[in-house]
$ cat input33.cif   # mmCIF, C-alpha atoms
data_start
loop_
_atom_site.label_atom_id
_atom_site.label_comp_id
_atom_site.auth_asym_id
_atom_site.auth_seq_id
_atom_site.Cartn_x
_atom_site.Cartn_y
_atom_site.Cartn_z
CA MET A 1122 -53.31 40.21 70.86
CA GLU A 1123 -55.67 37.34 70.16
CA SER A 1124 -58.92 36.52 68.37
CA TYR A 1125 -60.99 33.35 67.88
CA ILE A 1126 -64.04 32.20 65.97
CA ALA A 1127 -66.03 30.50 68.71
CA ASP A 1128 -67.35 26.99 69.17
CA VAL A 1129 -66.37 25.23 65.96
CA LYS A 1130 -65.86 21.50 66.61
CA CYS A 1131 -62.35 20.11 66.76
CA LEU A 1132 -61.39 17.20 64.52
CA GLN A 1133 -60.82 13.81 66.06
CA GLN A 1134 -59.60 10.50 64.67
CA PHE A 1135 -62.81 8.57 63.98
CA MET A 1136 -66.03 10.50 64.00
CA GLU A 1137 -69.30 10.79 62.11
CA ASP A 1138 -68.29 14.07 60.48
CA GLY A 1139 -64.65 13.58 59.68
CA SER A 1140 -62.25 10.73 59.05
CA PHE A 1141 -58.72 10.94 60.44
CA LEU A 1142 -57.22 9.82 57.13
CA MET A 1143 -59.29 12.07 54.87
CA PRO A 1144 -58.69 15.51 56.40
CA GLU A 1145 -59.53 17.75 53.46
CA ILE A 1146 -63.33 17.51 53.64
CA PRO A 1147 -63.55 17.82 57.45
CA ALA A 1148 -61.36 20.92 57.26
CA ALA A 1149 -63.67 22.44 54.63
CA LEU A 1150 -66.68 21.46 56.75
CA ARG A 1151 -65.25 23.27 59.80
CA ALA A 1152 -64.67 26.38 57.71
CA LEU A 1153 -68.25 26.31 56.43
CA GLN A 1154 -69.60 25.76 59.95
CA ALA A 1155 -67.68 28.83 61.09
CA LEU A 1156 -69.53 30.77 58.36
CA GLY A 1157 -72.92 29.59 59.63
CA ALA A 1158 -73.56 26.85 57.07
CA PRO A 1159 -77.06 25.32 57.16
CA ASP A 1160 -77.47 21.87 58.71
CA TYR A 1161 -77.82 20.06 55.37
CA MET A 1162 -74.19 20.93 54.56
CA ASP A 1163 -72.90 18.05 56.60
CA TYR A 1164 -70.06 15.56 56.10
CA ASP A 1165 -72.19 13.31 53.85
CA PHE A 1166 -73.03 16.29 51.65
CA LEU A 1167 -69.44 17.47 51.13
CA MET A 1168 -67.99 13.97 50.75
CA SER A 1169 -70.55 13.15 48.07
CA ILE A 1170 -70.65 16.30 45.95
CA THR A 1171 -66.84 16.38 45.73
CA GLY A 1172 -66.47 12.69 44.82
CA MET A 1173 -64.31 12.05 47.89
CA ALA A 1174 -66.85 9.50 49.17
CA VAL A 1175 -66.28 7.23 46.18
CA ARG A 1176 -62.58 7.90 45.57
CA LEU A 1177 -60.44 4.76 45.56
CA ALA A 1178 -56.71 4.44 44.96
CA TRP A 1179 -54.18 1.66 45.46
CA GLN A 1180 -50.42 1.90 45.07
CA PRO A 1181 -48.28 -1.18 44.43
CA GLY A 1182 -45.88 -2.07 47.21
CA TRP A 1183 -48.36 -1.60 50.08
CA ALA A 1184 -48.15 2.20 50.01
CA ALA A 1185 -45.53 2.66 52.69
CA TYR A 1186 -45.70 6.26 53.91
CA GLN A 1187 -42.04 6.84 53.03
CA VAL A 1188 -43.12 8.47 49.77
CA LEU A 1189 -46.83 9.00 49.13
CA PRO A 1190 -49.69 7.35 51.07
CA ASN A 1191 -52.72 5.95 49.28
CA GLN A 1192 -54.76 8.67 50.94
CA ALA A 1193 -52.73 11.31 49.08
CA VAL A 1194 -53.31 9.80 45.62
CA PHE A 1195 -56.04 11.55 43.62
CA PRO A 1196 -57.11 10.99 40.01
CA ASP A 1197 -57.53 14.70 39.28
CA GLY A 1198 -55.56 17.08 41.42
CA THR A 1199 -54.65 17.08 45.11
CA GLY A 1200 -56.57 16.68 48.33
CA PHE A 1201 -56.59 20.45 48.70
CA ASP A 1202 -58.29 20.74 45.32
CA TYR A 1203 -61.07 18.59 46.77
CA ALA A 1204 -61.39 20.99 49.70
CA LEU A 1205 -61.84 23.82 47.21
CA ARG A 1206 -64.37 21.70 45.34
CA ALA A 1207 -66.30 21.40 48.60
CA LEU A 1208 -66.33 25.18 49.01
CA ASP A 1209 -67.50 25.58 45.41
CA GLY A 1210 -70.35 23.11 45.85
CA ALA A 1211 -71.46 24.80 49.05
CA GLY A 1212 -71.53 28.24 47.45
CA ALA A 1213 -68.52 29.83 49.17
CA LYS A 1214 -66.69 32.74 47.60
CA TYR A 1215 -62.95 32.77 48.27
CA ILE A 1216 -59.48 33.77 47.12
CA VAL A 1217 -56.57 31.30 46.84
CA LYS A 1218 -53.14 32.80 47.52
CA SER A 1219 -49.66 31.30 47.28
CA LEU A 1220 -47.63 31.67 50.45
CA THR A 1221 -44.55 33.59 49.37
CA ASP A 1222 -44.38 36.14 52.18
CA THR A 1223 -44.99 34.72 55.67
CA VAL A 1224 -45.38 38.13 57.32
CA LEU A 1225 -47.99 39.26 54.79
CA ALA A 1226 -49.83 35.93 54.99
CA ARG A 1227 -50.00 36.10 58.78
CA LYS A 1228 -51.41 39.64 58.65
CA GLU A 1229 -54.04 38.62 56.08
CA ILE A 1230 -55.00 35.52 58.05
CA GLN A 1231 -55.28 37.43 61.31
CA ALA A 1232 -57.36 40.15 59.64
CA ALA A 1233 -59.73 37.47 58.32
CA ILE A 1234 -60.10 35.91 61.79
CA ASP A 1235 -60.85 39.37 63.24
CA LYS A 1236 -63.78 39.55 60.80
CA GLY A 1237 -65.01 36.05 61.76
CA LYS A 1238 -63.78 34.51 58.49
CA PRO A 1239 -61.94 31.14 58.65
CA VAL A 1240 -58.88 30.38 56.51
CA LEU A 1241 -57.79 27.09 54.93
CA LEU A 1242 -54.12 26.05 54.76
CA ASP A 1243 -52.74 23.72 52.10
CA GLU A 1244 -50.01 21.58 53.68
CA PRO A 1245 -48.39 18.31 52.49
CA PHE A 1246 -50.90 15.43 52.79
CA VAL A 1247 -53.19 17.50 55.05
CA CYS A 1248 -55.50 20.49 55.11
CA SER A 1249 -56.03 22.66 58.20
CA THR A 1250 -58.63 25.27 59.13
CA VAL A 1251 -57.44 28.41 60.92
CA LEU A 1252 -60.01 29.62 63.45
CA GLY A 1253 -57.99 31.87 65.73
CA TYR A 1254 -54.64 33.30 66.70
CA LYS A 1255 -52.72 34.43 69.78
CA GLU A 1256 -49.78 36.72 69.15
CA ASN A 1257 -47.97 35.13 66.18
CA VAL A 1258 -49.36 31.62 66.70
CA LEU A 1259 -52.28 30.44 64.56
CA TYR A 1260 -54.88 28.11 66.05
CA GLY A 1261 -57.32 25.83 64.29
CA VAL A 1262 -58.44 22.26 63.81
CA SER A 1263 -56.11 19.58 62.57
CA THR A 1264 -56.70 15.85 62.40
CA PHE A 1265 -53.14 15.06 63.40
CA ALA A 1266 -52.96 17.11 66.62
CA PRO A 1267 -52.63 15.11 69.88
CA PRO A 1268 -55.51 15.73 72.34
CA GLU A 1269 -53.13 17.24 74.91
CA GLU A 1270 -52.27 20.04 72.47
CA ARG A 1271 -55.83 21.26 72.18
CA THR A 1272 -56.52 24.44 74.10
CA GLN A 1273 -59.51 25.74 76.04
CA PRO A 1274 -62.18 26.84 75.60
CA TYR A 1275 -62.60 25.79 71.96
CA GLN A 1276 -60.25 22.79 71.77
CA TYR A 1277 -58.30 24.35 68.91
CA ASN A 1278 -54.66 23.34 68.48
CA PRO A 1279 -51.64 25.49 67.59
CA LEU A 1280 -50.57 25.20 63.96
CA ASN A 1281 -46.88 25.41 64.72
CA SER A 1282 -45.39 24.39 61.39
CA TRP A 1283 -47.63 26.32 59.03
CA CYS A 1284 -44.87 28.75 57.98
CA GLU A 1285 -42.65 25.93 56.76
CA GLN A 1286 -45.36 23.61 55.42
CA THR A 1287 -48.08 25.76 53.86
CA LYS A 1288 -48.05 26.14 50.07
CA ARG A 1289 -51.34 27.98 49.62
CA TYR A 1290 -53.96 29.57 51.83
CA VAL A 1291 -57.59 30.39 51.17
CA LEU A 1292 -59.30 33.58 52.34
CA ILE A 1293 -63.03 32.87 52.42
CA GLU A 1294 -65.10 35.99 51.83
CA ARG A 1295 -68.69 34.76 52.21
CA LEU A 1296 -71.05 31.81 51.94
CA LEU A 1297 -74.09 31.79 49.67
CA PRO A 1298 -75.70 28.38 50.42
CA GLN A 1299 -76.77 26.39 47.37
CA PRO A 1300 -79.54 23.82 47.99
CA VAL A 1301 -79.38 20.38 46.42
CA ASP A 1302 -81.16 20.57 43.08
CA ARG A 1303 -81.28 18.58 39.86
CA GLN A 1304 -78.04 20.12 38.60
CA LEU A 1305 -76.04 19.36 41.77
CA LEU A 1306 -77.41 15.82 41.97
CA ALA A 1307 -76.55 15.21 38.30
CA GLN A 1308 -73.06 16.59 38.84
CA THR A 1309 -72.58 14.32 41.87
CA ILE A 1310 -73.73 11.27 39.90
CA LYS A 1311 -71.46 12.12 36.96
CA ARG A 1312 -68.50 12.57 39.32
CA ALA A 1313 -69.17 9.21 40.98
CA ILE A 1314 -69.17 7.47 37.60
CA THR A 1315 -65.92 9.17 36.60
CA MET A 1316 -64.27 8.19 39.89
CA ALA A 1317 -65.16 4.53 39.34
CA ARG A 1318 -64.27 4.39 35.66
CA THR A 1319 -60.93 6.24 35.94
CA SER A 1320 -58.36 3.44 36.27
CA GLU A 1321 -55.12 5.43 36.15
CA CYS A 1322 -53.71 8.92 35.69
CA GLN A 1323 -50.47 10.54 34.56
CA GLN A 1324 -49.90 12.23 37.91
CA HIS A 1325 -49.54 8.87 39.68
CA PRO A 1326 -48.18 6.31 37.20
CA GLY A 1327 -48.63 2.76 38.37
CA ALA A 1328 -51.34 3.54 40.91
CA ALA A 1329 -54.68 1.87 40.30
CA MET A 1330 -57.80 4.03 40.55
CA GLY A 1331 -61.49 3.35 40.88
CA LEU A 1332 -62.74 -0.14 40.12
CA SER A 1333 -59.26 -1.28 39.11
CA ALA A 1334 -58.03 -0.56 42.65
CA PHE A 1335 -60.03 -3.54 43.93
CA ASP A 1336 -58.25 -5.84 41.48
CA ALA A 1337 -54.82 -4.41 42.32
CA LEU A 1338 -55.35 -4.88 46.05
CA ALA A 1339 -56.81 -8.37 45.68
CA GLU A 1340 -53.87 -9.40 43.51
CA MET A 1341 -51.36 -8.27 46.14
CA LEU A 1342 -53.30 -10.07 48.87
CA VAL A 1343 -53.24 -13.35 46.95
CA TRP A 1344 -49.93 -13.34 45.07
CA ASP A 1345 -47.48 -11.47 47.27
CA GLU A 1346 -45.46 -14.27 48.85
CA SER A 1347 -42.98 -12.04 50.67
CA PHE A 1348 -45.03 -11.96 53.89
CA GLN A 1349 -43.06 -14.98 55.08
CA ILE A 1350 -39.94 -12.87 55.72
CA PHE A 1351 -41.58 -10.59 58.30
CA ASN A 1352 -41.11 -11.17 62.01
CA ASP A 1353 -43.97 -9.65 64.00
CA ASP A 1354 -43.57 -5.83 64.04
CA LEU A 1355 -39.84 -5.74 63.30
CA SER A 1356 -38.82 -3.87 60.18
CA TYR A 1357 -37.15 -5.96 57.48
CA THR A 1358 -34.09 -4.31 55.92
CA GLY A 1359 -33.18 -6.77 53.17
CA GLU A 1360 -34.41 -7.13 49.62
CA ILE A 1361 -38.03 -8.20 49.34
CA PRO A 1362 -38.49 -11.10 46.94
CA TRP A 1363 -41.21 -11.16 44.31
CA PRO A 1364 -41.44 -14.58 42.66
CA TYR A 1365 -44.70 -13.94 40.82
CA HIS A 1366 -44.20 -13.02 37.15
CA ARG A 1367 -46.24 -9.94 36.34
CA PRO A 1368 -47.69 -9.22 32.89
CA GLU A 1369 -46.19 -6.34 30.96
CA GLY A 1370 -47.39 -2.99 32.20
CA TYR A 1371 -47.48 -3.88 35.89
CA TRP A 1372 -45.31 -1.90 38.25
CA ARG A 1373 -44.08 -2.64 41.74
CA GLU A 1374 -41.76 -1.31 44.42
CA ASP A 1375 -40.58 -3.06 47.54
CA GLY A 1376 -42.96 -0.91 49.56
CA ALA A 1377 -43.65 -1.40 53.26
CA HIS A 1378 -40.92 -3.29 55.09
CA SER A 1379 -42.94 -4.42 58.12
CA LEU A 1380 -46.13 -6.37 58.66
CA ALA A 1381 -47.76 -3.48 60.53
CA ASP A 1382 -47.01 -1.04 57.69
CA ARG A 1383 -48.53 -3.39 55.16
CA PHE A 1384 -51.67 -3.72 57.20
CA TRP A 1385 -52.19 -0.16 58.45
CA ALA A 1386 -50.58 1.90 55.67
CA GLY A 1387 -51.70 -0.40 52.87
CA TYR A 1388 -54.80 -2.46 53.49
CA CYS A 1389 -56.52 -0.33 56.14
CA ASP A 1390 -55.71 2.81 54.19
CA PHE A 1391 -57.77 1.45 51.31
CA LEU A 1392 -60.58 0.49 53.67
CA CYS A 1393 -60.76 4.03 55.01
CA MET A 1394 -61.54 5.19 51.49
CA LEU A 1395 -64.08 2.41 51.02
CA ASN A 1396 -65.87 3.56 54.19
CA GLY A 1397 -66.78 6.74 52.33
CA TYR A 1398 -69.39 4.70 50.47
CA GLU A 1399 -71.61 5.00 53.55
CA ASN A 1400 -71.56 8.78 53.21
CA MET A 1401 -72.50 8.45 49.54
CA SER A 1402 -75.28 5.99 50.34
CA ARG A 1403 -76.81 8.32 52.93
CA PHE A 1404 -76.56 11.26 50.53
CA LEU A 1405 -78.31 9.39 47.71
CA ASN A 1406 -81.05 8.14 50.02
CA LYS A 1407 -81.63 11.65 51.36
CA TYR A 1408 -81.92 13.31 47.94
CA ALA A 1409 -83.42 10.54 45.83
CA ASP A 1410 -86.70 12.46 45.50
CA ILE A 1411 -85.08 15.57 43.99
CA VAL A 1412 -85.66 14.14 40.50
CA PRO A 1413 -88.66 11.75 40.66
CA GLU A 1414 -87.81 9.91 37.43
CA TRP A 1415 -84.35 9.08 38.82
CA ARG A 1416 -85.59 7.96 42.23
CA GLU A 1417 -85.63 4.19 41.71
CA ARG A 1418 -82.13 3.99 40.27
CA VAL A 1419 -80.68 6.44 42.81
CA LEU A 1420 -82.05 4.37 45.69
CA SER A 1421 -80.79 1.17 44.09
CA ALA A 1422 -77.29 2.65 43.74
CA ALA A 1423 -77.42 3.79 47.36
CA GLY A 1424 -78.16 0.24 48.45
CA TYR A 1425 -75.28 -1.19 46.45
CA TYR A 1426 -72.83 1.39 47.83
CA GLN A 1427 -73.90 0.45 51.34
CA LYS A 1428 -73.41 -3.27 50.67
CA ALA A 1429 -69.94 -2.60 49.28
CA CYS A 1430 -69.11 -0.55 52.37
CA ASP A 1431 -70.31 -3.33 54.67
CA TYR A 1432 -67.57 -5.60 53.38
CA SER A 1433 -64.92 -3.20 54.63
CA GLY A 1434 -66.01 -4.05 58.17
CA GLU A 1435 -65.63 -7.77 57.62
CA LEU A 1436 -61.89 -7.66 58.33
CA TRP A 1437 -62.50 -7.22 62.05
CA LYS A 1438 -63.93 -10.72 62.14
CA TYR A 1439 -60.45 -12.00 61.32
CA VAL A 1440 -58.05 -9.53 62.95
CA THR A 1441 -58.07 -7.12 65.88
CA PRO A 1442 -56.45 -3.64 65.95
CA ASP A 1443 -53.48 -4.68 68.07
CA GLU A 1444 -50.13 -6.38 67.51
CA GLU A 1445 -51.48 -9.87 68.07
CA GLY A 1446 -54.39 -9.33 65.71
CA VAL A 1447 -52.35 -7.74 62.95
CA ARG A 1448 -49.98 -10.73 62.99
CA LYS A 1449 -52.83 -12.74 61.47
CA PHE A 1450 -52.41 -10.66 58.32
CA ARG A 1451 -49.35 -12.79 57.61
CA LEU A 1452 -51.52 -15.91 57.25
CA PRO A 1453 -52.34 -16.67 53.60
CA GLU A 1454 -55.86 -17.86 54.45
CA VAL A 1455 -56.64 -14.53 56.12
CA ARG A 1456 -55.35 -12.50 53.18
CA TYR A 1457 -57.24 -14.72 50.73
CA THR A 1458 -60.43 -14.04 52.68
CA PHE A 1459 -59.75 -10.31 52.58
CA ALA A 1460 -59.21 -10.54 48.83
CA ALA A 1461 -62.57 -12.27 48.43
CA HIS A 1462 -64.26 -9.48 50.37
CA MET A 1463 -62.59 -6.86 48.21
CA LEU A 1464 -63.83 -8.52 45.02
CA ARG A 1465 -67.33 -8.75 46.47
CA ALA A 1466 -67.15 -5.04 47.30
CA LYS A 1467 -66.04 -4.40 43.71
CA MET A 1468 -69.07 -6.29 42.41
CA TYR A 1469 -71.46 -4.10 44.41
CA THR A 1470 -69.57 -0.97 43.39
CA LEU A 1471 -69.98 -1.95 39.75
CA LYS A 1472 -73.70 -2.51 40.26
CA ALA A 1473 -74.02 0.94 41.87
CA VAL A 1474 -72.17 2.62 39.02
CA GLU A 1475 -74.20 0.80 36.37
CA GLU A 1476 -77.41 2.02 38.01
CA LEU A 1477 -76.13 5.60 37.95
CA GLU A 1478 -75.00 5.28 34.33
CA LYS A 1479 -78.54 4.31 33.30
CA ILE A 1480 -79.78 7.70 34.51
CA GLY A 1481 -77.95 9.27 31.57
#
$ encode --input "input33.cif" --output "structure tokens"
Amino acid sequence: MESYIADVKCLQQFMEDGSFLMPEIPAALRALQALGAPDYMDYDFLMSITGMAVRLAWQPGWAAYQVLPNQAVFPDGTGFDYALRALDGAGAKYIVKSLTDTVLARKEIQAAIDKGKPVLLDEPFVCSTVLGYKENVLYGVSTFAPPEERTQPYQYNPLNSWCEQTKRYVLIERLLPQPVDRQLLAQTIKRAITMARTSECQQHPGAAMGLSAFDALAEMLVWDESFQIFNDDLSYTGEIPWPYHRPEGYWREDGAHSLADRFWAGYCDFLCMLNGYENMSRFLNKYADIVPEWRERVLSAAGYYQKACDYSGELWKYVTPDEEGVRKFRLPEVRYTFAAHMLRAKMYTLKAVEELEKIG
């Protein structure tokens, strides 16, 4: 017994229509593609209308993945809530169900696949799209699946742990495409402003959001003197010193205990979010003419978002994505340079937001 929805693209690590570290929107995109979504409902569209393209978060302590990665910190809900927001903006009609009975859930998911309807799974720190099944095994697209696990002919991968991991699942009934109009553009602009101006939230105390995330990251790059204790890629097990006196209200944990964790799980994690600005810039450029009286400011904001995004690529002038390159992250002069780039990116972000705020 098996059934598949044919020819929906698999998710890969770095691609134009789906980032490895932001799986919720790509998963929603694959579900919409399986429902025959029009071409304009691309990655730029979903990233922008949900606010994911301009979402920034920074956790003190270099966001070691032992607890909660930066990518899993949201100012208003969870990553799965953003996937649902993508379905809402696209015009999908769906039902969200809690997974309390695995046997019932499997039957409902398989029945949906038989009808050509994809299903979304809400799992910790990730979102998966179910596109098929064989016997009792579900198949779909997942950002974290190794290439060798993908199966022919559709390159879907088995979702082996869904019974233990899934909290909710979404049965999508139909798609009624909604074109970009004045209302959707205004909603996208308002969401972008809120994302930038929200500096903290109760759900994640101590984490810096929006524009304040640039300051929090730059501060750690400049003032954290504990890099001297790290030895290449070896994990440090002792207490991490923090000689810098923080003003009242600041919060810090020891965080990542290796140089590689600080770079990949801390700094690069933030840059992956900043790369979403390019999606927002393309979206704004594409739909700037929807409301003629907004056109000039929308295009100006798009330009500023792109400039801010460009600074995220500057790091590769100083380091390379290998052990030897990452070791340079220990050098104060390299981190100071990165901090300067982050503050420049903040300046352009602020300019973009101020342009959008003038639209009213």
$ atom_distance --input "input33.cif" --atom1 "atom CA of Glu1145 of chain A" --atom2 "atom CA of Leu1392 of chain A"
17.3 Å
$ resolve_selection --input "input33.cif" --expression "the PyMOL selection byres ((chain A and resi 1456) around 10)" --output "list in words"
Ala1339, Met1341, Leu1342, Val1343, Trp1344, Asp1345, Leu1436, Tyr1439, Lys1449, Phe1450, Arg1451, Leu1452, Pro1453, Glu1454, Val1455, Tyr1457, Thr1458, Phe1459, Ala1460, Ala1461 and His1462 of chain A
$ resolve_selection --input "input33.cif" --expression "the PyMOL selection byres ((chain A and resi 1247) around 8)" --output "PyMOL selection string"
chain A and resi 1144-1145+1200-1201+1243-1246+1248-1249
$ residues_around --input "input33.cif" --residues "Leu1306 of chain A" --least-positions-apart "3" --cutoff "8 Å" --atoms "all atoms listed in the file" --output "PyMOL selection string"
chain A and resi 1170+1301-1303+1309-1310+1408+1411
$ resolve_selection --input "input33.cif" --expression "the PyMOL selection byres ((chain A and resi 1172) around 12)" --output "count of residues only"
41
$ residues_around --input "input33.cif" --residues "Glu1399 of chain A" --least-positions-apart "2" --cutoff "7 Å" --atoms "only C-alpha atoms" --output "PyMOL selection string"
chain A and resi 1396-1397+1401-1403+1426-1427+1430
$ closest_residue --input "input33.cif" --among "A:Trp1415, A:Tyr1125, A:Trp1283, A:Trp1183" --to "Phe1384 of chain A" --atoms "all atoms listed in the file"
A:Trp1183
$ closest_residue --input "input33.cif" --among "A:Phe1391, A:Asn1281, A:Thr1287, A:Glu1256" --to "Leu1220 of chain A" --atoms "all atoms listed in the file"
A:Thr1287
$ closest_residue --input "input33.cif" --among "A:Asn1406, A:Ser1282, A:Gln1276, A:Ser1433" --to "Arg1465 of chain A" --atoms "only C-alpha atoms"
A:Ser1433
$ decode --input "input33.cif" --residues "segment 1318-1347 of chain A" --atoms "N, CA and C atoms" --output "PDB file, in the first residue's frame"
ATOM      1  N   ARG A1318      10.750  46.768  15.135  1.00  0.00           N
ATOM      2  CA  ARG A1318      10.571  47.576  16.344  1.00  0.00           C
ATOM      3  C   ARG A1318      10.322  46.745  17.599  1.00  0.00           C
ATOM      4  N   THR A1319      10.087  45.443  17.464  1.00  0.00           N
ATOM      5  CA  THR A1319       9.909  44.573  18.625  1.00  0.00           C
ATOM      6  C   THR A1319      11.281  44.160  19.136  1.00  0.00           C
ATOM      7  N   SER A1320      11.661  44.623  20.315  1.00  0.00           N
ATOM      8  CA  SER A1320      13.014  44.395  20.829  1.00  0.00           C
ATOM      9  C   SER A1320      13.114  43.198  21.768  1.00  0.00           C
ATOM     10  N   GLU A1321      11.984  42.758  22.328  1.00  0.00           N
ATOM     11  CA  GLU A1321      12.008  41.629  23.244  1.00  0.00           C
ATOM     12  C   GLU A1321      10.599  41.070  23.383  1.00  0.00           C
ATOM     13  N   CYS A1322      10.480  39.886  23.983  1.00  0.00           N
ATOM     14  CA  CYS A1322       9.158  39.318  24.211  1.00  0.00           C
ATOM     15  C   CYS A1322       9.205  38.417  25.434  1.00  0.00           C
ATOM     16  N   GLN A1323       8.059  38.202  26.046  1.00  0.00           N
ATOM     17  CA  GLN A1323       7.973  37.408  27.268  1.00  0.00           C
ATOM     18  C   GLN A1323       8.351  35.954  27.026  1.00  0.00           C
ATOM     19  N   GLN A1324       8.055  35.447  25.838  1.00  0.00           N
ATOM     20  CA  GLN A1324       8.309  34.042  25.543  1.00  0.00           C
ATOM     21  C   GLN A1324       9.798  33.704  25.588  1.00  0.00           C
ATOM     22  N   HIS A1325      10.643  34.680  25.243  1.00  0.00           N
ATOM     23  CA  HIS A1325      12.086  34.445  25.215  1.00  0.00           C
ATOM     24  C   HIS A1325      12.798  35.555  25.990  1.00  0.00           C
ATOM     25  N   PRO A1326      12.714  35.561  27.296  1.00  0.00           N
ATOM     26  CA  PRO A1326      13.344  36.633  28.075  1.00  0.00           C
ATOM     27  C   PRO A1326      14.849  36.658  27.872  1.00  0.00           C
ATOM     28  N   GLY A1327      15.367  37.843  27.676  1.00  0.00           N
ATOM     29  CA  GLY A1327      16.803  37.991  27.472  1.00  0.00           C
ATOM     30  C   GLY A1327      17.226  38.006  26.032  1.00  0.00           C
ATOM     31  N   ALA A1328      16.434  37.424  25.141  1.00  0.00           N
ATOM     32  CA  ALA A1328      16.773  37.438  23.719  1.00  0.00           C
ATOM     33  C   ALA A1328      16.465  38.818  23.140  1.00  0.00           C
ATOM     34  N   ALA A1329      17.339  39.271  22.266  1.00  0.00           N
ATOM     35  CA  ALA A1329      17.131  40.564  21.608  1.00  0.00           C
ATOM     36  C   ALA A1329      16.471  40.335  20.251  1.00  0.00           C
ATOM     37  N   MET A1330      15.464  41.140  19.946  1.00  0.00           N
ATOM     38  CA  MET A1330      14.722  41.003  18.701  1.00  0.00           C
ATOM     39  C   MET A1330      14.930  42.230  17.823  1.00  0.00           C
ATOM     40  N   GLY A1331      14.646  42.073  16.548  1.00  0.00           N
ATOM     41  CA  GLY A1331      14.623  43.196  15.631  1.00  0.00           C
ATOM     42  C   GLY A1331      15.904  43.994  15.616  1.00  0.00           C
ATOM     43  N   LEU A1332      15.763  45.321  15.589  1.00  0.00           N
ATOM     44  CA  LEU A1332      16.918  46.209  15.515  1.00  0.00           C
ATOM     45  C   LEU A1332      17.859  46.026  16.699  1.00  0.00           C
ATOM     46  N   SER A1333      17.315  45.692  17.866  1.00  0.00           N
ATOM     47  CA  SER A1333      18.169  45.522  19.035  1.00  0.00           C
ATOM     48  C   SER A1333      19.081  44.311  18.904  1.00  0.00           C
ATOM     49  N   ALA A1334      18.730  43.370  18.030  1.00  0.00           N
ATOM     50  CA  ALA A1334      19.564  42.178  17.853  1.00  0.00           C
ATOM     51  C   ALA A1334      20.927  42.542  17.276  1.00  0.00           C
ATOM     52  N   PHE A1335      20.969  43.562  16.412  1.00  0.00           N
ATOM     53  CA  PHE A1335      22.253  44.010  15.873  1.00  0.00           C
ATOM     54  C   PHE A1335      23.166  44.495  16.997  1.00  0.00           C
ATOM     55  N   ASP A1336      22.604  45.284  17.904  1.00  0.00           N
ATOM     56  CA  ASP A1336      23.399  45.812  19.019  1.00  0.00           C
ATOM     57  C   ASP A1336      23.893  44.692  19.924  1.00  0.00           C
ATOM     58  N   ALA A1337      23.013  43.718  20.203  1.00  0.00           N
ATOM     59  CA  ALA A1337      23.382  42.615  21.093  1.00  0.00           C
ATOM     60  C   ALA A1337      24.512  41.794  20.499  1.00  0.00           C
ATOM     61  N   LEU A1338      24.429  41.515  19.199  1.00  0.00           N
ATOM     62  CA  LEU A1338      25.475  40.742  18.545  1.00  0.00           C
ATOM     63  C   LEU A1338      26.777  41.528  18.485  1.00  0.00           C
ATOM     64  N   ALA A1339      26.688  42.800  18.108  1.00  0.00           N
ATOM     65  CA  ALA A1339      27.909  43.619  18.019  1.00  0.00           C
ATOM     66  C   ALA A1339      28.593  43.716  19.368  1.00  0.00           C
ATOM     67  N   GLU A1340      27.800  43.833  20.441  1.00  0.00           N
ATOM     68  CA  GLU A1340      28.381  43.925  21.773  1.00  0.00           C
ATOM     69  C   GLU A1340      29.167  42.661  22.110  1.00  0.00           C
ATOM     70  N   MET A1341      28.588  41.497  21.811  1.00  0.00           N
ATOM     71  CA  MET A1341      29.279  40.246  22.102  1.00  0.00           C
ATOM     72  C   MET A1341      30.553  40.109  21.275  1.00  0.00           C
ATOM     73  N   LEU A1342      30.509  40.565  20.033  1.00  0.00           N
ATOM     74  CA  LEU A1342      31.692  40.490  19.176  1.00  0.00           C
ATOM     75  C   LEU A1342      32.834  41.342  19.722  1.00  0.00           C
ATOM     76  N   VAL A1343      32.496  42.480  20.303  1.00  0.00           N
ATOM     77  CA  VAL A1343      33.531  43.415  20.761  1.00  0.00           C
ATOM     78  C   VAL A1343      33.984  43.122  22.184  1.00  0.00           C
ATOM     79  N   TRP A1344      33.028  42.816  23.086  1.00  0.00           N
ATOM     80  CA  TRP A1344      33.351  42.792  24.506  1.00  0.00           C
ATOM     81  C   TRP A1344      33.586  41.408  25.086  1.00  0.00           C
ATOM     82  N   ASP A1345      33.208  40.369  24.400  1.00  0.00           N
ATOM     83  CA  ASP A1345      33.410  39.025  24.944  1.00  0.00           C
ATOM     84  C   ASP A1345      34.883  38.642  24.831  1.00  0.00           C
ATOM     85  N   GLU A1346      35.563  38.623  25.952  1.00  0.00           N
ATOM     86  CA  GLU A1346      36.999  38.348  25.979  1.00  0.00           C
ATOM     87  C   GLU A1346      37.324  36.875  26.216  1.00  0.00           C
ATOM     88  N   SER A1347      36.319  36.025  26.287  1.00  0.00           N
ATOM     89  CA  SER A1347      36.558  34.628  26.623  1.00  0.00           C
ATOM     90  C   SER A1347      37.008  33.787  25.431  1.00  0.00           C
TER      91      SER A1347
END
